[in-house]
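Trainee: Sharing a structure with you now.
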Amino acid sequence: MDNQNKAKYVFGLDIGTRSVVGTVGYFDDDRFKVVCQRSIEHETRSMIDGQIHDIPRVATTIKEVKEQCEAVIGEPLTHVCIAAAGRVLKTVKTHVDMIFEEERETKPEDVTNLQLLGVEKAYKEFQTGNNTDIKFYCVGYSVIKYFMDKLPILNLVGHKAKHISADMIATFLPDDVVDGLYKAVDFAGLEVLNLTLEPIAAMSVAIPERFRMLNLALVDVGAGTSDISITDAGSIIGYGMIPMAGDALTDELARHYLADFYQAEKIKRTAGRAEEIEFEDIMGIKQTITSEDAAQAMADKIDEMTTYVADEIKHLNGDKPVSAVFVVGGGGLAKGYTDALADKLGLMHERVALRGSDVLGKIDFEEEDLSKSPLMVTPIGICLNYYENNNNLIYVFFNGTRMKLYDNGHVAVVDVAMQAGFPNDGLFPKRGKALSFSVNGKSKIIKGELGEAAMITVNGEPADITTKVNSNDRVVIIESTAGMKAKSKISDLPEFKEGLKLLVDGQVVEFTRPVFANGQKVTPAYEINEGDHIEVLDTCTKEQLMEVLDTNDASKVDTVNVSKVEDKPTEADAVQKEKQKGAVITVMVNGSPVTLKGKYYYIFIDVFDYIDFDLNDPKGKSIVTLHNGENAKYMEPLNDGDVLEIYWKD
């Protein structure tokens, strides 16, 4: 093999209940070349129903498979693709939308981003209904249907659209299942390159896209689990799992013939391939039975197993049977399995069939002793899934706590914060509490002061929410602070500052405007409270007139002629009035003009008070903030004519 092809090697591991199968291959001219495949059975029952129970023992088996494959290809294997069984599988269907700023051609990366946005949405929807303390991770997803400007379409790429969307299905597994796989692989000296689900891996081989227009079921009968997936109208519409498979048949044979597990496994595998089967029971007595005897011994368990599988197929398919079923995996080779499943679904026997060599047409084996069989489908599918989806989990440290994160290759600080449940508003400067009151019947709101922005570091270096995060990075975020709450005195009000000039018996006299708060007269030093009703009068009080007239006789006030002075405003008055209003600037935000007024100067964060952009309602995975084409700093000043871009990025 030349170096160019060696660089394309993909190493896949099918870590099953009964054995570990390692496959090494590469793509060449639209064909997948299997360079080698090695399989080693677990020495003990270190896995049950697809879940690892003894991590060190499974890791030892993985390492042996790895070393055997390395001996064939002549180079070390450091990264691996794996698949999780469907134990405790949870499925979420969701709809996701992406709206462009204007109509444009849809690019492949747009479709990828749409899918990833759908995964994020499905995860949030799933977490809403997850009432346990168990953490789940996405291990696979598929698109049921695409839409372009709300109309169905098979492929979005290349079409002009403003609105693209998709119906999707995402699958989740609990932390203990995923964590066990990752730890076993890590103990064996490997790093996970891609993670998928076993039924997704099998589907990529057993039911090509050209068949998915039909309503079909794929059943992957392993040792511990029977994984099920359903297709219809060109898409995968459901996944399911039954925690019963080949080992249940082996256990039944062990009980029936008083044999240990490994002798019973030998009986199961030989049945149907040989007329007679020889084995030794636990008493040390050699026994000889026919294949028909073994089939009869398994018949009741096969009947039970296929009943569960048929019921799950109907459940996933809207309570009705599918048109045909393809069976892969070693457990499906048991004599009578496919016929029993056909009977439970009410299908003709030829409509439930094993898939092997017939679906491996574009697979070439470079080792002569490898045969195309149902056992090969899932191991090869795990390798092929790497080319279709690049899914992985990475570990990062967030504020000192180690956490797993779904990695799509574009993980940023904001993604880590969202996954950790860090509040969105904790990333941005927060205003102190506003003060609401009324002046002469008109509502007024004075905004609180801005606090400090969040302090963010990645590996000890200053960062922002868009900084890329890699495996084992240490992200520290000190939450943003709220500023001082708004406060105001009567003396701060423009209505009070505006002078009051009255004609008193023909002479101009300047008065301080009388002010009442909630019906009570107050001084200019009065601190306004939330909800106060303030009245600023356009005339003076009797007490003020008595002071001007220098009299203590209130009756004299009644004989005085008082009227308002109508001064024509001077140019200086106009300038002063504008100064009181503050500066007025206009900036461009996402291509539209936005006018800011009411302050003497403005900073970037002020623009959020003038645009419809809710930080607590994410419309994407991260926020892009640009100021004149550069990454914005939230406290930097704004000038008239500045160009700003603020939007969610998927």
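Numbering starts fresh at 1 for the residues of each chain in the structure tokens, the chains themselves are lettered A, B, ... in the order given, and ligands are numbered from 1 as they appear.
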Could you pull the residues within 12 Å of region 283-290 of chain A, counting only C-alpha atoms, minus those fewer than 5 positions along the same chain, as a list in words?

Mentor: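 Answer for this query is Leu253, Tyr257, Leu258, Ala259, Asp260, Gln263, Ala264, Ile267, Lys268, Thr270, Ala271, Gly272, Arg273, Ala274, Glu275, Glu276, Ile277, Glu278, Ala295, Gln296 and Ala297 of chain A.
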
Trainee: If we count only C-alpha atoms, what is near Thr539 (chain A) at a cut-off of 8 Å, once residues fewer than 6 positions away on the same chain are taken out, given as number ranges by chain?

Mentor: A: 500, 502, 513-514, 564

Trainee: Let's have the selection written as a PDB file, in the first residue's frame, with N, CA and C atoms.

Mentor:
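Wrote it out as result-v8.pdb, contents follow:
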```
ATOM      1  N   LEU A 500     -39.003  78.615  35.954  1.00  0.00           N
ATOM      2  CA  LEU A 500     -40.388  79.072  36.009  1.00  0.00           C
ATOM      3  C   LEU A 500     -40.380  80.595  36.217  1.00  0.00           C
ATOM      4  N   LEU A 502     -42.644  84.061  36.261  1.00  0.00           N
ATOM      5  CA  LEU A 502     -44.011  84.562  36.364  1.00  0.00           C
ATOM      6  C   LEU A 502     -44.000  86.088  36.484  1.00  0.00           C
ATOM      7  N   ARG A 513     -39.783  75.560  40.750  1.00  0.00           N
ATOM      8  CA  ARG A 513     -41.056  74.883  40.482  1.00  0.00           C
ATOM      9  C   ARG A 513     -41.483  74.036  41.684  1.00  0.00           C
ATOM     10  N   PRO A 514     -42.695  74.153  42.093  1.00  0.00           N
ATOM     11  CA  PRO A 514     -43.212  73.285  43.161  1.00  0.00           C
ATOM     12  C   PRO A 514     -43.347  71.842  42.642  1.00  0.00           C
ATOM     13  N   LYS A 564     -47.982  83.822  33.484  1.00  0.00           N
ATOM     14  CA  LYS A 564     -46.745  83.179  33.030  1.00  0.00           C
ATOM     15  C   LYS A 564     -46.048  84.033  31.990  1.00  0.00           C
TER      16      LYS A 564
END
```

Trainee: With distances taken over only C-alpha atoms, which of A:Thr625, A:Thr112, A:Ser235, A:Ser438 is nearest to Leu154 (chain A)?

Mentor: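 Ranking A:Thr625, A:Thr112, A:Ser235, A:Ser438 by distance to Leu154 (chain A), first place goes to A:Ser235.
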
Trainee: Grab the CA of Ile73 (chain A) to CA of Phe365 (chain A) distance for me, in Å with one decimal place.

Mentor: 13.8 Å

Trainee: Could you check which of A:Glu120, A:Glu70, A:Glu479, A:Glu366 is closest to Thr94 (chain A), using only C-alpha atoms?

Mentor: A:Glu120

Trainee: Can you check which residues of region 246-430 of chain A DSSP gives as helix (DSSP H, G or I) on the backbone and send them as a ChimeraX atom specification?

Mentor: /A:246-257,261-270,291-316,330-333,337-345,349-351,357-359,374-388,413-419,424-426

Trainee: Write out as a PyMOL selection string the residues lying within 8 Å of region 447-459 of chain A, counting only C-alpha atoms and excluding same-chain residues fewer than 3 positions away.

Mentor: chain A and resi 426-435+462-465+469+473-487+634

Trainee: So how far away is CA of Glu198 (chain A) from CA of Pro76 (chain A), in Å?

Mentor: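 Answer for the CA of Pro76 (chain A) to CA of Glu198 (chain A) separation: 25.5 Å.
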
Trainee: For Lys135 (chain A), list every protein, DNA or RNA residue within 9 Å, evaluated using only C-alpha atoms, and leave out those in the same chain fewer than 5 positions away; present the list as a ChimeraX atom specification.

Mentor: /A:127,130,173-176

Trainee: Which of these, A:Leu345, A:Val111, A:Val20, A:Val515, has the shortest distance to His159 (chain A) once you count only C-alpha atoms?

Mentor: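 Closest to His159 (chain A), using only C-alpha atoms: A:Val111.
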
Trainee: Let's see if you can do this: from backbone DSSP, list all strand (DSSP E) residues in region 309-499 of chain A, as a compact mmCIF listing (two decimals) with N, CA and C atoms, in the first residue's frame.

Mentor:
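Okay, this is what ended up in part39.txt:
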```
# COMPACT_ATOMS: atom_id res chain seq x y z
N ALA A 324 -40.97 -4.85 4.38
CA ALA A 324 -39.96 -5.91 4.37
C ALA A 324 -38.96 -5.64 5.48
N VAL A 325 -38.23 -6.68 5.87
CA VAL A 325 -37.24 -6.58 6.95
C VAL A 325 -35.93 -7.19 6.49
N PHE A 326 -34.84 -6.45 6.71
CA PHE A 326 -33.50 -6.97 6.49
C PHE A 326 -32.88 -7.28 7.85
N VAL A 327 -32.24 -8.43 7.96
CA VAL A 327 -31.64 -8.88 9.22
C VAL A 327 -30.14 -9.00 9.04
N VAL A 328 -29.38 -8.40 9.97
CA VAL A 328 -27.92 -8.53 9.99
C VAL A 328 -27.50 -8.93 11.39
N VAL A 352 -38.59 -11.24 4.73
CA VAL A 352 -37.69 -11.07 5.88
C VAL A 352 -36.45 -11.89 5.58
N ALA A 353 -35.34 -11.18 5.31
CA ALA A 353 -34.16 -11.89 4.80
C ALA A 353 -32.88 -11.38 5.44
N LEU A 354 -31.89 -12.27 5.48
CA LEU A 354 -30.56 -11.90 5.94
C LEU A 354 -29.87 -11.05 4.87
N ILE A 363 -17.69 -3.14 -1.50
CA ILE A 363 -16.66 -3.40 -0.49
C ILE A 363 -15.69 -4.43 -1.06
N ASP A 364 -14.41 -4.11 -1.05
CA ASP A 364 -13.38 -5.03 -1.51
C ASP A 364 -12.54 -5.49 -0.32
N PHE A 365 -12.25 -6.79 -0.28
CA PHE A 365 -11.45 -7.34 0.80
C PHE A 365 -10.07 -7.71 0.28
N ASN A 392 -18.12 13.29 17.85
CA ASN A 392 -17.22 12.86 18.91
C ASN A 392 -17.59 13.60 20.18
N LEU A 393 -17.08 13.12 21.27
CA LEU A 393 -17.21 13.81 22.55
C LEU A 393 -15.81 14.18 23.01
N ILE A 394 -15.64 15.40 23.49
CA ILE A 394 -14.35 15.81 24.02
C ILE A 394 -14.52 16.19 25.48
N TYR A 395 -13.43 16.14 26.20
CA TYR A 395 -13.42 16.56 27.59
C TYR A 395 -12.80 17.94 27.69
N VAL A 396 -13.45 18.83 28.43
CA VAL A 396 -12.88 20.14 28.73
C VAL A 396 -13.13 20.42 30.21
N PHE A 397 -12.38 21.39 30.73
CA PHE A 397 -12.57 21.81 32.11
C PHE A 397 -13.25 23.18 32.11
N PHE A 398 -14.39 23.24 32.78
CA PHE A 398 -15.12 24.51 32.86
C PHE A 398 -15.21 24.92 34.31
N THR A 401 -14.35 22.16 36.68
CA THR A 401 -15.09 20.89 36.62
C THR A 401 -14.91 20.25 35.25
N ARG A 402 -14.55 18.97 35.23
CA ARG A 402 -14.35 18.25 33.97
C ARG A 402 -15.72 17.88 33.41
N MET A 403 -15.92 18.13 32.13
CA MET A 403 -17.21 17.85 31.51
C MET A 403 -17.02 17.34 30.09
N LYS A 404 -18.02 16.57 29.62
CA LYS A 404 -18.02 16.10 28.24
C LYS A 404 -18.78 17.09 27.38
N LEU A 405 -18.37 17.18 26.11
CA LEU A 405 -19.01 18.12 25.20
C LEU A 405 -19.12 17.48 23.83
N TYR A 406 -20.28 17.61 23.22
CA TYR A 406 -20.48 17.13 21.85
C TYR A 406 -19.65 18.00 20.91
N ASP A 407 -18.74 17.39 20.18
CA ASP A 407 -17.78 18.14 19.35
C ASP A 407 -18.15 18.04 17.88
N LEU A 435 -35.34 52.31 37.13
CA LEU A 435 -36.25 53.06 38.00
C LEU A 435 -37.43 53.55 37.16
N SER A 436 -38.63 53.13 37.51
CA SER A 436 -39.83 53.50 36.76
C SER A 436 -40.71 54.42 37.61
N PHE A 437 -41.15 55.51 37.02
CA PHE A 437 -42.02 56.45 37.72
C PHE A 437 -42.73 57.30 36.66
N SER A 438 -43.56 58.23 37.07
CA SER A 438 -44.24 59.10 36.11
C SER A 438 -44.04 60.55 36.52
N VAL A 439 -44.00 61.43 35.50
CA VAL A 439 -43.91 62.87 35.72
C VAL A 439 -45.05 63.52 34.95
N LYS A 442 -46.85 61.20 32.56
CA LYS A 442 -46.09 60.49 31.52
C LYS A 442 -45.08 59.55 32.17
N SER A 443 -45.06 58.30 31.69
CA SER A 443 -44.15 57.29 32.26
C SER A 443 -42.71 57.61 31.91
N LYS A 444 -41.84 57.37 32.87
CA LYS A 444 -40.41 57.56 32.66
C LYS A 444 -39.67 56.34 33.18
N ILE A 445 -38.61 55.95 32.48
CA ILE A 445 -37.75 54.86 32.94
C ILE A 445 -36.31 55.35 32.86
N ILE A 446 -35.61 55.23 33.95
CA ILE A 446 -34.18 55.55 33.96
C ILE A 446 -33.43 54.22 34.08
N MET A 455 -15.34 37.91 32.69
CA MET A 455 -13.90 37.72 32.47
C MET A 455 -13.69 36.28 32.02
N ILE A 456 -13.14 36.10 30.81
CA ILE A 456 -13.01 34.77 30.21
C ILE A 456 -11.53 34.49 29.93
N THR A 457 -11.10 33.29 30.32
CA THR A 457 -9.76 32.83 29.95
C THR A 457 -9.85 31.40 29.43
N VAL A 458 -8.99 31.06 28.48
CA VAL A 458 -8.83 29.69 28.00
C VAL A 458 -7.37 29.33 28.18
N GLU A 461 -5.15 32.25 29.23
CA GLU A 461 -4.99 33.39 28.34
C GLU A 461 -6.34 34.10 28.15
N PRO A 462 -6.33 35.45 28.07
CA PRO A 462 -7.59 36.17 27.86
C PRO A 462 -8.30 35.69 26.60
N ARG A 474 -8.84 24.38 29.36
CA ARG A 474 -9.40 24.84 30.64
C ARG A 474 -10.05 26.20 30.43
N VAL A 475 -11.36 26.23 30.54
CA VAL A 475 -12.13 27.45 30.33
C VAL A 475 -12.59 27.97 31.69
N VAL A 476 -12.30 29.23 31.94
CA VAL A 476 -12.74 29.86 33.19
C VAL A 476 -13.55 31.10 32.84
N ILE A 477 -14.75 31.18 33.38
CA ILE A 477 -15.61 32.36 33.17
C ILE A 477 -16.05 32.90 34.53
N ILE A 478 -15.70 34.14 34.78
CA ILE A 478 -16.20 34.84 35.96
C ILE A 478 -17.39 35.66 35.49
```
